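Q: Just one file: data-v6.txt, with compact mmCIF, C-alpha atoms.
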# COMPACT_ATOMS: atom_id res chain seq x y z
CA MET A 1 0.00 0.00 0.00
CA ASN A 2 1.32 3.40 -0.99
CA LEU A 3 1.69 6.34 1.31
CA SER A 4 0.12 9.04 -0.79
CA VAL A 5 -0.20 12.71 -0.09
CA THR A 6 -2.55 14.75 -2.27
CA ASP A 7 -2.65 18.53 -2.42
CA LEU A 8 -1.62 18.75 1.22
CA ALA A 9 -1.39 22.10 2.98
CA VAL A 10 0.19 22.36 6.41
CA SER A 11 0.45 25.21 8.87
CA ARG A 12 2.70 26.05 11.77
CA GLY A 13 1.29 28.23 14.55
CA GLY A 14 -1.73 29.04 12.37
CA VAL A 15 0.41 30.32 9.49
CA PRO A 16 0.44 28.21 6.31
CA VAL A 17 3.95 27.04 5.44
CA LEU A 18 3.43 24.56 2.61
CA GLU A 19 0.55 24.02 0.21
CA GLY A 20 -0.24 21.84 -2.75
CA VAL A 21 2.21 19.13 -1.72
CA SER A 22 1.59 15.85 -3.56
CA PHE A 23 3.72 12.73 -3.69
CA ALA A 24 3.38 9.00 -3.39
CA LEU A 25 5.71 6.59 -1.68
CA ALA A 26 5.52 2.97 -2.75
CA PRO A 27 6.73 0.04 -0.61
CA GLY A 28 10.45 -0.51 -1.07
CA ARG A 29 11.11 3.13 -1.93
CA ALA A 30 12.71 5.97 -0.01
CA LEU A 31 11.95 9.66 -0.39
CA VAL A 32 14.31 12.36 0.85
CA LEU A 33 12.78 15.74 1.64
CA ARG A 34 15.02 18.71 0.91
CA GLY A 35 14.53 22.38 1.55
CA PRO A 36 16.13 25.24 3.44
CA ASN A 37 15.65 25.71 7.20
CA GLY A 38 12.15 26.81 8.07
CA SER A 39 10.68 25.58 4.80
CA GLY A 40 8.24 23.31 6.62
CA LYS A 41 9.83 19.87 6.40
CA THR A 42 9.30 19.11 10.07
CA THR A 43 5.72 20.41 9.96
CA LEU A 44 5.03 18.24 6.92
CA LEU A 45 6.44 15.17 8.67
CA ARG A 46 4.51 15.87 11.89
CA THR A 47 1.33 16.22 9.86
CA ILE A 48 1.95 12.93 8.06
CA ALA A 49 2.70 11.28 11.41
CA GLY A 50 -0.70 12.45 12.63
CA LEU A 51 0.52 14.80 15.35
CA GLN A 52 -1.22 17.80 13.83
CA PRO A 53 -4.07 18.13 11.37
CA ALA A 54 -3.58 19.26 7.78
CA TYR A 55 -5.67 22.25 6.88
CA ALA A 56 -6.26 21.06 3.35
CA GLY A 57 -5.55 17.98 1.29
CA ARG A 58 -5.49 14.26 1.94
CA ILE A 59 -3.04 11.78 3.42
CA GLU A 60 -3.63 8.12 2.66
CA GLY A 61 -1.88 5.05 3.94
CA ALA A 62 -0.49 6.75 7.02
CA GLY A 63 -1.91 6.41 10.54
CA GLU A 64 -1.10 3.06 12.07
CA ARG A 65 1.52 2.26 9.42
CA ILE A 66 3.90 5.03 10.44
CA ALA A 67 6.86 4.94 12.78
CA TYR A 68 7.93 8.49 13.52
CA ALA A 69 11.29 9.73 14.76
CA ALA A 70 11.55 13.38 15.72
CA HIS A 71 14.54 15.64 16.44
CA SER A 72 14.65 14.38 20.02
CA ASP A 73 15.11 10.70 20.62
CA GLY A 74 12.57 10.20 23.39
CA LEU A 75 15.03 8.32 25.58
CA LYS A 76 14.78 8.04 29.33
CA ALA A 77 18.14 8.95 30.87
CA MET A 78 17.61 6.72 33.89
CA LEU A 79 16.79 3.59 31.88
CA SER A 80 19.41 1.39 30.26
CA VAL A 81 19.74 0.96 26.50
CA THR A 82 17.89 -2.37 26.54
CA GLU A 83 15.18 -1.06 28.88
CA ASN A 84 14.54 1.90 26.59
CA LEU A 85 14.37 -0.28 23.51
CA ARG A 86 12.31 -3.01 25.15
CA PHE A 87 9.77 -0.42 26.33
CA TRP A 88 9.17 0.78 22.78
CA ALA A 89 9.05 -2.80 21.50
CA GLN A 90 6.33 -3.60 24.03
CA VAL A 91 4.38 -0.45 23.21
CA PHE A 92 4.37 -1.43 19.54
CA GLY A 93 3.60 -5.05 20.36
CA THR A 94 6.87 -6.62 19.22
CA THR A 95 9.41 -8.56 21.26
CA ASP A 96 12.69 -8.89 19.39
CA ILE A 97 15.18 -6.12 20.09
CA SER A 98 18.39 -8.05 19.34
CA ALA A 99 18.37 -7.23 15.61
CA ALA A 100 18.01 -3.51 16.34
CA LEU A 101 20.85 -3.62 18.89
CA ARG A 102 23.05 -5.47 16.42
CA ASP A 103 22.34 -3.31 13.39
CA PHE A 104 23.08 -0.08 15.23
CA ASP A 105 26.15 -1.49 17.00
CA LEU A 106 24.66 -1.01 20.47
CA GLU A 107 25.42 -4.48 21.83
CA ARG A 108 28.40 -3.33 23.85
CA LEU A 109 26.32 -0.54 25.40
CA GLU A 110 23.35 -2.73 26.38
CA ASP A 111 23.49 -2.12 30.13
CA ARG A 112 24.64 1.50 29.98
CA LEU A 113 22.12 4.11 31.17
CA ALA A 114 20.88 6.15 28.21
CA GLY A 115 21.81 9.31 30.09
CA ASN A 116 25.47 8.31 29.98
CA LEU A 117 25.60 7.80 26.22
CA SER A 118 27.24 10.25 23.84
CA ALA A 119 25.06 12.30 21.51
CA GLY A 120 25.79 10.02 18.57
CA GLN A 121 25.12 6.88 20.61
CA LYS A 122 21.79 8.33 21.78
CA ARG A 123 20.86 9.04 18.19
CA ARG A 124 21.75 5.47 17.23
CA LEU A 125 19.51 4.20 20.01
CA GLY A 126 16.73 6.53 18.86
CA LEU A 127 17.02 5.17 15.32
CA ALA A 128 17.20 1.58 16.57
CA ARG A 129 13.75 2.27 18.01
CA MET A 130 12.39 2.40 14.44
CA MET A 131 13.39 -1.21 13.90
CA VAL A 132 11.48 -2.49 16.93
CA THR A 133 8.25 -0.74 15.94
CA GLY A 134 7.68 -3.25 13.16
CA ARG A 135 5.87 -0.57 11.16
CA PRO A 136 6.29 -0.36 7.39
CA VAL A 137 6.68 3.39 6.85
CA TRP A 138 9.53 5.16 8.62
CA VAL A 139 9.14 8.91 8.91
CA LEU A 140 12.48 10.36 9.98
CA ASP A 141 13.22 13.98 10.81
CA GLU A 142 16.93 14.78 10.39
CA PRO A 143 17.98 11.23 11.30
CA THR A 144 21.72 11.73 10.89
CA VAL A 145 22.23 14.70 13.25
CA SER A 146 25.30 14.05 15.47
CA LEU A 147 26.11 10.74 13.76
CA ASP A 148 29.69 10.11 12.54
CA THR A 149 30.35 8.68 9.06
CA ALA A 150 30.51 5.09 10.29
CA SER A 151 27.15 5.49 12.05
CA VAL A 152 25.60 7.12 8.99
CA ALA A 153 26.69 4.04 7.05
CA LEU A 154 25.07 1.79 9.69
CA PHE A 155 21.90 3.84 9.41
CA ALA A 156 21.91 3.71 5.60
CA GLN A 157 22.32 -0.07 5.79
CA ALA A 158 19.39 -0.35 8.19
CA VAL A 159 17.22 1.79 5.92
CA ARG A 160 18.21 -0.28 2.90
CA ARG A 161 17.37 -3.52 4.70
CA HIS A 162 14.04 -2.00 5.69
CA LEU A 163 13.35 -1.10 2.04
CA GLU A 164 14.32 -4.58 0.88
CA GLY A 165 11.84 -6.01 3.37
CA GLY A 166 9.05 -4.08 1.66
CA GLY A 167 9.16 -1.04 3.93
CA ALA A 168 9.28 2.59 2.92
CA ALA A 169 11.12 5.59 4.34
CA LEU A 170 10.40 9.30 4.26
CA MET A 171 13.32 11.38 5.50
CA ALA A 172 14.11 15.03 5.90
CA THR A 173 17.85 15.44 5.66
CA HIS A 174 20.54 17.68 4.23
CA ILE A 175 23.35 15.19 3.81
CA ASP A 176 23.92 12.44 1.28
CA LEU A 177 22.89 9.19 2.95
CA GLY A 178 24.53 6.91 0.43
CA ILE A 179 21.20 5.43 -0.60
CA PRO A 180 21.33 6.02 -4.36
CA GLU A 181 17.87 4.62 -5.03
CA ALA A 182 16.25 7.25 -2.79
CA GLU A 183 14.31 9.90 -4.69
CA VAL A 184 14.70 13.53 -3.73
CA PHE A 185 11.68 15.75 -3.18
CA ASP A 186 12.34 19.46 -2.83
CA VAL A 187 9.65 21.27 -0.83
CA THR A 188 10.79 24.79 -1.81
CA PRO A 189 8.33 25.18 -4.76
CA PHE A 190 5.40 24.43 -2.44
CA LYS A 191 6.03 27.32 -0.09
CA ALA A 192 2.69 28.83 0.89
CA SER A 193 2.00 32.40 -0.12
CA PRO A 194 2.40 34.64 2.91
CA ARG A 195 -0.96 35.19 4.55
CA ALA A 196 -2.21 36.01 7.97
CA ALA A 197 -3.24 33.18 10.24
CA LEU A 198 -6.21 31.40 8.70
CA GLN A 199 -7.88 30.31 11.86
CA ASP A 200 -7.10 29.50 15.41
CA GLU A 201 -5.65 26.07 14.83
CA ALA A 202 -6.47 24.89 18.32
CA PHE A 203 -10.05 24.57 17.15
CA LEU A 204 -9.42 22.83 13.86
CA MET B 1 -0.21 -0.07 28.44
CA ILE B 2 1.36 -2.34 31.05
CA ALA B 3 4.75 -1.46 29.55
CA LEU B 4 4.04 2.25 30.03
CA LEU B 5 2.95 1.66 33.64
CA THR B 6 6.04 -0.36 34.52
CA ARG B 7 8.26 2.19 32.81
CA ASP B 8 6.71 5.06 34.77
CA LEU B 9 6.94 3.18 38.06
CA ARG B 10 10.54 2.22 37.34
CA LEU B 11 11.44 5.80 36.48
CA ALA B 12 9.75 7.06 39.64
CA VAL B 13 11.82 4.88 41.95
CA ARG B 14 15.15 5.46 40.18
CA ALA B 15 17.41 8.35 41.09
CA GLY B 16 15.78 11.71 40.37
CA GLY B 17 12.37 10.11 39.90
CA GLY B 18 10.82 12.01 42.78
CA PHE B 19 9.34 9.00 44.55
CA GLY B 20 9.00 9.80 48.24
CA LEU B 21 9.16 13.56 47.74
CA GLY B 22 5.42 13.93 48.23
CA LEU B 23 5.55 11.60 51.21
CA ALA B 24 8.35 13.59 52.85
CA PHE B 25 6.44 16.82 52.20
CA PHE B 26 3.31 15.32 53.81
CA LEU B 27 5.36 14.29 56.84
CA ILE B 28 6.88 17.75 57.24
CA VAL B 29 3.55 19.58 56.87
CA THR B 30 1.87 17.42 59.50
CA VAL B 31 4.84 17.79 61.81
CA LEU B 32 4.77 21.57 61.40
CA VAL B 33 1.09 21.94 62.28
CA PRO B 34 1.45 21.07 66.01
CA PHE B 35 4.37 23.53 66.16
CA GLY B 36 2.19 26.26 64.73
CA VAL B 37 -1.01 25.48 66.59
CA GLY B 38 0.56 24.68 69.94
CA PRO B 39 0.48 21.49 71.98
CA GLU B 40 -3.26 21.51 72.71
CA THR B 41 -4.40 17.95 72.26
CA GLY B 42 -8.09 18.84 72.16
CA LEU B 43 -7.69 21.41 69.38
CA LEU B 44 -5.27 19.21 67.43
CA SER B 45 -7.51 16.18 67.51
CA ARG B 46 -10.41 18.30 66.28
CA ILE B 47 -8.50 19.65 63.26
CA ALA B 48 -6.51 16.47 62.58
CA PRO B 49 -8.76 15.06 59.79
CA GLY B 50 -8.76 18.36 57.91
CA VAL B 51 -5.01 18.87 58.32
CA LEU B 52 -4.29 15.36 57.07
CA TRP B 53 -6.49 15.97 54.04
CA ILE B 54 -4.93 19.33 53.18
CA GLY B 55 -1.44 17.91 53.68
CA ALA B 56 -2.20 14.98 51.39
CA LEU B 57 -3.70 17.30 48.79
CA LEU B 58 -0.68 19.61 48.75
CA ALA B 59 1.73 16.67 48.67
CA CYS B 60 -0.19 15.30 45.71
CA LEU B 61 0.05 18.67 43.95
CA LEU B 62 3.83 18.71 44.32
CA SER B 63 4.49 15.96 41.80
CA LEU B 64 1.77 16.75 39.26
CA ASP B 65 3.87 18.71 36.79
CA ARG B 66 6.19 15.75 36.35
CA ILE B 67 3.41 13.61 34.90
CA PHE B 68 3.83 14.92 31.37
CA ALA B 69 6.61 17.53 31.57
CA LEU B 70 9.47 15.01 31.56
CA ASP B 71 8.05 13.05 28.64
CA TRP B 72 7.46 16.30 26.83
CA GLU B 73 11.03 17.51 27.32
CA ASP B 74 12.74 14.39 26.02
CA GLY B 75 10.32 14.01 23.11
CA SER B 76 8.80 10.71 24.19
CA LEU B 77 5.33 12.26 24.45
CA ASP B 78 5.34 12.88 20.67
CA LEU B 79 6.49 9.34 20.09
CA LEU B 80 3.86 7.92 22.45
CA ALA B 81 1.20 9.90 20.61
CA THR B 82 2.19 8.17 17.36
CA ALA B 83 2.33 4.75 19.06
CA PRO B 84 -0.60 2.34 18.87
CA LEU B 85 -1.78 3.26 22.38
CA PRO B 86 -4.94 5.39 22.51
CA MET B 87 -4.31 8.80 24.05
CA GLU B 88 -7.07 8.20 26.62
CA GLY B 89 -5.23 5.04 27.67
CA ILE B 90 -1.94 6.93 27.97
CA VAL B 91 -3.41 9.60 30.26
CA SER B 92 -5.25 6.99 32.37
CA ILE B 93 -2.07 4.97 32.84
CA LYS B 94 -0.15 8.14 33.69
CA ALA B 95 -2.77 9.01 36.32
CA LEU B 96 -2.63 5.48 37.70
CA ALA B 97 1.17 5.61 37.89
CA HIS B 98 0.93 8.96 39.69
CA TRP B 99 -1.55 7.53 42.16
CA LEU B 100 0.57 4.45 42.82
CA THR B 101 3.72 6.50 43.41
CA THR B 102 2.15 9.46 45.24
CA GLY B 103 -1.44 8.87 46.32
CA LEU B 104 -1.13 5.35 47.70
CA PRO B 105 1.92 6.07 49.89
CA LEU B 106 0.07 9.13 51.27
CA VAL B 107 -2.97 7.01 52.13
CA LEU B 108 -0.81 4.47 53.92
CA ALA B 109 1.20 7.12 55.76
CA ALA B 110 -1.81 9.14 56.94
CA PRO B 111 -2.76 6.93 59.95
CA VAL B 112 0.85 7.01 61.16
CA LEU B 113 0.92 10.79 60.93
CA GLY B 114 -2.47 10.90 62.63
CA VAL B 115 -0.66 9.97 65.83
CA LEU B 116 1.30 13.24 65.64
CA LEU B 117 -1.99 15.17 65.52
CA SER B 118 -3.66 13.11 68.28
CA LEU B 119 -6.33 11.90 65.91
CA PRO B 120 -9.13 10.22 67.90
CA LEU B 121 -9.06 6.44 67.79
CA GLU B 122 -12.27 6.14 65.72
CA GLY B 123 -10.76 8.45 63.10
CA TYR B 124 -7.91 6.27 61.85
CA PHE B 125 -10.09 3.94 59.84
CA TRP B 126 -12.11 6.73 58.26
CA VAL B 127 -9.04 8.81 57.38
CA LEU B 128 -7.70 5.75 55.60
CA VAL B 129 -11.01 5.11 53.83
CA SER B 130 -11.61 8.73 52.81
CA LEU B 131 -8.08 9.21 51.47
CA GLY B 132 -8.28 5.85 49.73
CA ALA B 133 -11.49 6.89 48.00
CA GLY B 134 -10.43 10.48 47.34
CA THR B 135 -6.79 10.42 46.23
CA PRO B 136 -7.56 8.67 42.90
CA ALA B 137 -9.70 11.71 42.04
CA LEU B 138 -6.77 14.00 42.99
CA SER B 139 -4.47 12.12 40.62
CA VAL B 140 -6.95 12.09 37.74
CA ILE B 141 -7.86 15.79 38.10
CA GLY B 142 -4.16 16.58 38.43
CA THR B 143 -3.39 14.66 35.24
CA PHE B 144 -5.95 16.81 33.46
CA GLY B 145 -4.23 19.96 34.77
CA ALA B 146 -0.84 18.58 33.75
CA ALA B 147 -2.15 17.87 30.25
CA LEU B 148 -3.47 21.45 30.02
CA THR B 149 -0.15 23.01 31.00
CA VAL B 150 2.28 20.66 29.27
CA GLY B 151 4.81 22.55 27.17
CA LEU B 152 4.29 25.84 28.98
CA LYS B 153 7.37 27.44 30.46
CA ARG B 154 7.06 27.44 34.25
CA GLY B 155 3.69 25.75 33.93
CA GLY B 156 3.98 24.34 37.44
CA LEU B 157 2.55 27.39 39.17
CA LEU B 158 -0.23 27.77 36.64
CA LEU B 159 -0.96 24.09 37.11
CA SER B 160 -1.43 24.59 40.88
CA LEU B 161 -3.73 27.55 40.29
CA LEU B 162 -5.81 25.57 37.82
CA VAL B 163 -5.99 22.37 39.80
CA LEU B 164 -6.53 23.58 43.38
CA PRO B 165 -10.05 24.95 42.76
CA LEU B 166 -10.94 21.67 41.05
CA TYR B 167 -9.85 19.85 44.19
CA VAL B 168 -12.43 21.67 46.33
CA PRO B 169 -15.32 19.14 46.10
CA THR B 170 -12.99 16.21 46.79
CA LEU B 171 -11.50 18.04 49.76
CA ILE B 172 -14.90 19.01 51.22
CA PHE B 173 -16.37 15.53 51.12
CA GLY B 174 -13.11 13.75 51.92
CA ALA B 175 -12.42 15.85 55.01
CA GLU B 176 -16.09 15.56 55.98
CA VAL B 177 -15.91 11.76 55.92
CA ALA B 178 -12.75 11.83 58.04
CA ARG B 179 -14.18 14.39 60.49
CA ARG B 180 -17.51 12.63 60.95
CA GLY B 181 -15.70 9.32 61.31
CA ALA B 182 -13.45 10.77 64.00
CA GLU B 183 -16.45 12.14 65.89
CA GLY B 184 -18.34 8.88 65.58
CA LEU B 185 -21.13 10.25 63.34
CA ALA B 186 -22.68 8.65 60.27
CA VAL B 187 -20.41 8.97 57.23
CA GLN B 188 -22.55 7.41 54.54
CA THR B 189 -23.67 10.55 52.67
CA PRO B 190 -20.28 12.31 52.30
CA LEU B 191 -18.59 8.98 51.59
CA LEU B 192 -21.02 8.27 48.76
CA MET B 193 -20.48 11.78 47.38
CA LEU B 194 -16.70 11.33 47.57
CA ALA B 195 -16.81 7.95 45.87
CA GLY B 196 -19.16 9.41 43.28
CA ILE B 197 -16.75 12.25 42.49
CA SER B 198 -13.86 9.81 42.17
CA ALA B 199 -15.80 7.42 39.95
CA GLY B 200 -17.07 10.31 37.83
CA VAL B 201 -13.69 11.91 37.18
CA ILE B 202 -12.02 8.56 36.55
CA ALA B 203 -14.67 7.79 33.94
CA LEU B 204 -14.85 11.17 32.21
CA LEU B 205 -11.71 13.25 32.68
CA PRO B 206 -9.31 10.98 30.71
CA PHE B 207 -11.24 11.96 27.56
CA ALA B 208 -10.81 15.66 28.34
CA SER B 209 -7.13 15.15 29.23
CA ALA B 210 -6.51 13.28 25.98
CA ALA B 211 -8.23 16.03 23.98
CA VAL B 212 -6.18 18.87 25.49
CA LEU B 213 -2.99 16.81 25.19
CA ARG B 214 -3.62 16.30 21.47
CA ILE B 215 -4.06 20.06 21.06
CA ASN B 216 -0.94 20.81 23.10
CA LEU B 217 1.16 18.44 21.00
CA ARG B 218 0.52 20.31 17.74
Can the structure from this file be put into structure tokens for me?

A:
Amino acid sequence: MNLSVTDLAVSRGGVPVLEGVSFALAPGRALVLRGPNGSGKTTLLRTIAGLQPAYAGRIEGAGERIAYAAHSDGLKAMLSVTENLRFWAQVFGTTDISAALRDFDLERLEDRLAGNLSAGQKRRLGLARMMVTGRPVWVLDEPTVSLDTASVALFAQAVRRHLEGGGAALMATHIDLGIPEAEVFDVTPFKASPRAALQDEAFL
Amino acid sequence: MIALLTRDLRLAVRAGGGFGLGLAFFLIVTVLVPFGVGPETGLLSRIAPGVLWIGALLACLLSLDRIFALDWEDGSLDLLATAPLPMEGIVSIKALAHWLTTGLPLVLAAPVLGVLLSLPLEGYFWVLVSLGAGTPALSVIGTFGAALTVGLKRGGLLLSLLVLPLYVPTLIFGAEVARRGAEGLAVQTPLLMLAGISAGVIALLPFASAAVLRINLR
């Protein structure tokens, strides 16, 4: 099933940032969102993840199929790496966390408290969370922030394995991930015309 | 859901989790009252049920802003919202975890602290019963307030201002049950009202909390 977005318009703080966005993402494909800072990539991803409503347009094939990773990793500093990962596995109704630990090279850190990890290690743990969700569409917001080249390669491998398994990935990123089959989607042309706030979005 | 509950309980008892803070606060407040009022056993035993109730209520208030604020700060609230758990379930579990780590210890500690306030012998049972029936309502109402103020800078004070008036009915009937119990009067009517308030907020408020949380997450 495709993730398809038709004529989508999203707003941030009541001000439209993007409009007329349309794309489709088939299983096994990856789409990389590009665009300058503030162009609305994060807002678009949050809307697709269901955290905020779109003010126009349609999103199909999202909802329960999406695993979302935001800028922050959502880790609990006082829980160990395995405890953090196992919690998310249980929430999403899966049990196996060993593959995620292995693929993101976290096995040696298993018993370390997440609060004692370096920024890059935390990010790796946050990305490993995507693997334990068991959901087909990964929506990733700047996944490679604070990762070194070796970790970016680990991440690219994990994404590629996910695509080979019939999954899909939608990523906002500025760097080259080394996934040549990923299509690039530039959001700049869809910038909404400047207008005053349409409505109080709390009551949408 | 169970995973979320065990995670919250585990976090509460680990370093920095704040478990026991409310309990220590409750202890200090009830110890301070005899110092302020003076060592008059008659007066103390008359005000003991009310003091225990106000102390428990304030101790409960102390930990409310942690219910969602910590998950909000590290981003896990966003991730939970996109997880397969219903938002109503998340807020109910959060309220339950708050009650287990704050409310329940207060209920169990109240009879012990009653000794410090020379609570009459008949009062111990009814203090226990009234707090047991009332503190779940405090946690659920508090969770609603925490959901309203999540993401606000220094929302803790606003949270207290919002939540304290909502605690009034629970306090009135809860303290009334404890007072009547201590004086050996019939407690049925206020106890039914108290239980009714608790049952009502447990049934209805999670929906309101989930709705405001969804709006706050945008």

Q: Find the residues in chain A near chain B: any atom within 8 Å counts, using only C-alpha atoms. Write them as a ChimeraX atom specification.

A: /A:49-52,64,66-70,72-76,78-79,87,90-92,202

Q: Considering only C-alpha atoms, return as a PDB file with C-alpha atoms, keeping the file's coordinate frame whatever protein or nucleic-acid residues lie within 12 Å of Glu40 (chain B), sequence-local ones (same chain, fewer than 6 positions apart) excluded.

A:
ATOM      1  CA  VAL B  33       1.090  21.940  62.280  1.00  0.00           C
ATOM      2  CA  PRO B  34       1.450  21.070  66.010  1.00  0.00           C
ATOM      3  CA  ARG B  46     -10.410  18.300  66.280  1.00  0.00           C
ATOM      4  CA  ILE B  47      -8.500  19.650  63.260  1.00  0.00           C
ATOM      5  CA  ALA B  48      -6.510  16.470  62.580  1.00  0.00           C
ATOM      6  CA  LEU B 116       1.300  13.240  65.640  1.00  0.00           C
ATOM      7  CA  LEU B 117      -1.990  15.170  65.520  1.00  0.00           C
ATOM      8  CA  SER B 118      -3.660  13.110  68.280  1.00  0.00           C
TER       9      SER B 118
END

Q: Which polymer residues have any atom within 8 Å of an atom of Leu113 (chain A), counting only C-alpha atoms, with same-chain residues fewer than 3 positions away left out, as an MDAnalysis selection string?

A: chainID A and resid 77:81 116:117

Q: With only C-alpha atoms as the atoms that count, which of A:Leu44, A:Val139, A:Val5, A:Arg29 lies nearest to Arg160 (chain A)?

A: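 Answer, going by the shortest atom-to-atom distance: A:Arg29.
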
Q: Hey, what's within 7 Å of region 135-137 of chain B if we count only C-alpha atoms and toss same-chain stuff fewer than 2 positions away? As a list in words, please?

A: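 Non-adjacent residues within range: Trp99, Gly103, Leu131, Gly132, Ala133, Ser139, Val140, Ile141, Ser198, Val201 and Ile202 of chain B.
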
Q: Find the spatial neighbours of Gly20 (chain B), counting all atoms listed in the file, within a cut-off of 8 Å - ignore same-chain residues fewer than 2 positions away - and output them as a VMD selection string.

A: chain B and resid 18 22 to 24 101 to 102

Q: Can you write out the residues you just picked, keeping C-alpha atoms, as a PDB file, keeping the file's coordinate frame?

A:
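Everything below was put into again35.pdb:
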ATOM      1  CA  GLY B  18      10.820  12.010  42.780  1.00  0.00           C
ATOM      2  CA  GLY B  22       5.420  13.930  48.230  1.00  0.00           C
ATOM      3  CA  LEU B  23       5.550  11.600  51.210  1.00  0.00           C
ATOM      4  CA  ALA B  24       8.350  13.590  52.850  1.00  0.00           C
ATOM      5  CA  THR B 101       3.720   6.500  43.410  1.00  0.00           C
ATOM      6  CA  THR B 102       2.150   9.460  45.240  1.00  0.00           C
TER       7      THR B 102
END

Q: CA of Arg12 (chain A) and CA of Ala62 (chain A), how far apart in Å?

A: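 CA of Arg12 (chain A) lies at a distance of 20.1 Å from CA of Ala62 (chain A).
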
Q: I'd like the interatomic distance between CA of Ala59 (chain B) and CA of Thr30 (chain B), to a tenth of an Å.

A: 10.9 Å

Q: Find the residues near Glu88 (chain B): any atom within 10 Å, counting all atoms listed in the file, skip ones fewer than 2 places away on the same chain, and give them as a PyMOL selection string.

A: chain B and resi 85-86+90-94+205-211+213

Q: Select, from B:Leu32, B:Leu166, B:Val112, B:Leu194, the residue with the minimum atom-to-atom distance to Val129 (chain B), counting only C-alpha atoms.

A: B:Leu194

Q: What does the distance from CA of Phe104 (chain A) to CA of Gly35 (chain A) come to in Å, to one decimal?

A: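 It comes out at 27.7 Å.
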
Q: Give the padded box for region 44-58 of chain A as lines of an AutoDock Vina configuration file: axis-aligned, covering all atoms listed in the file, 6 Å on each side, centre and edge lengths in Å to one decimal.

A:
center_x = 0.1
center_y = 16.8
center_z = 8.3
size_x = 24.7
size_y = 23.0
size_z = 26.1
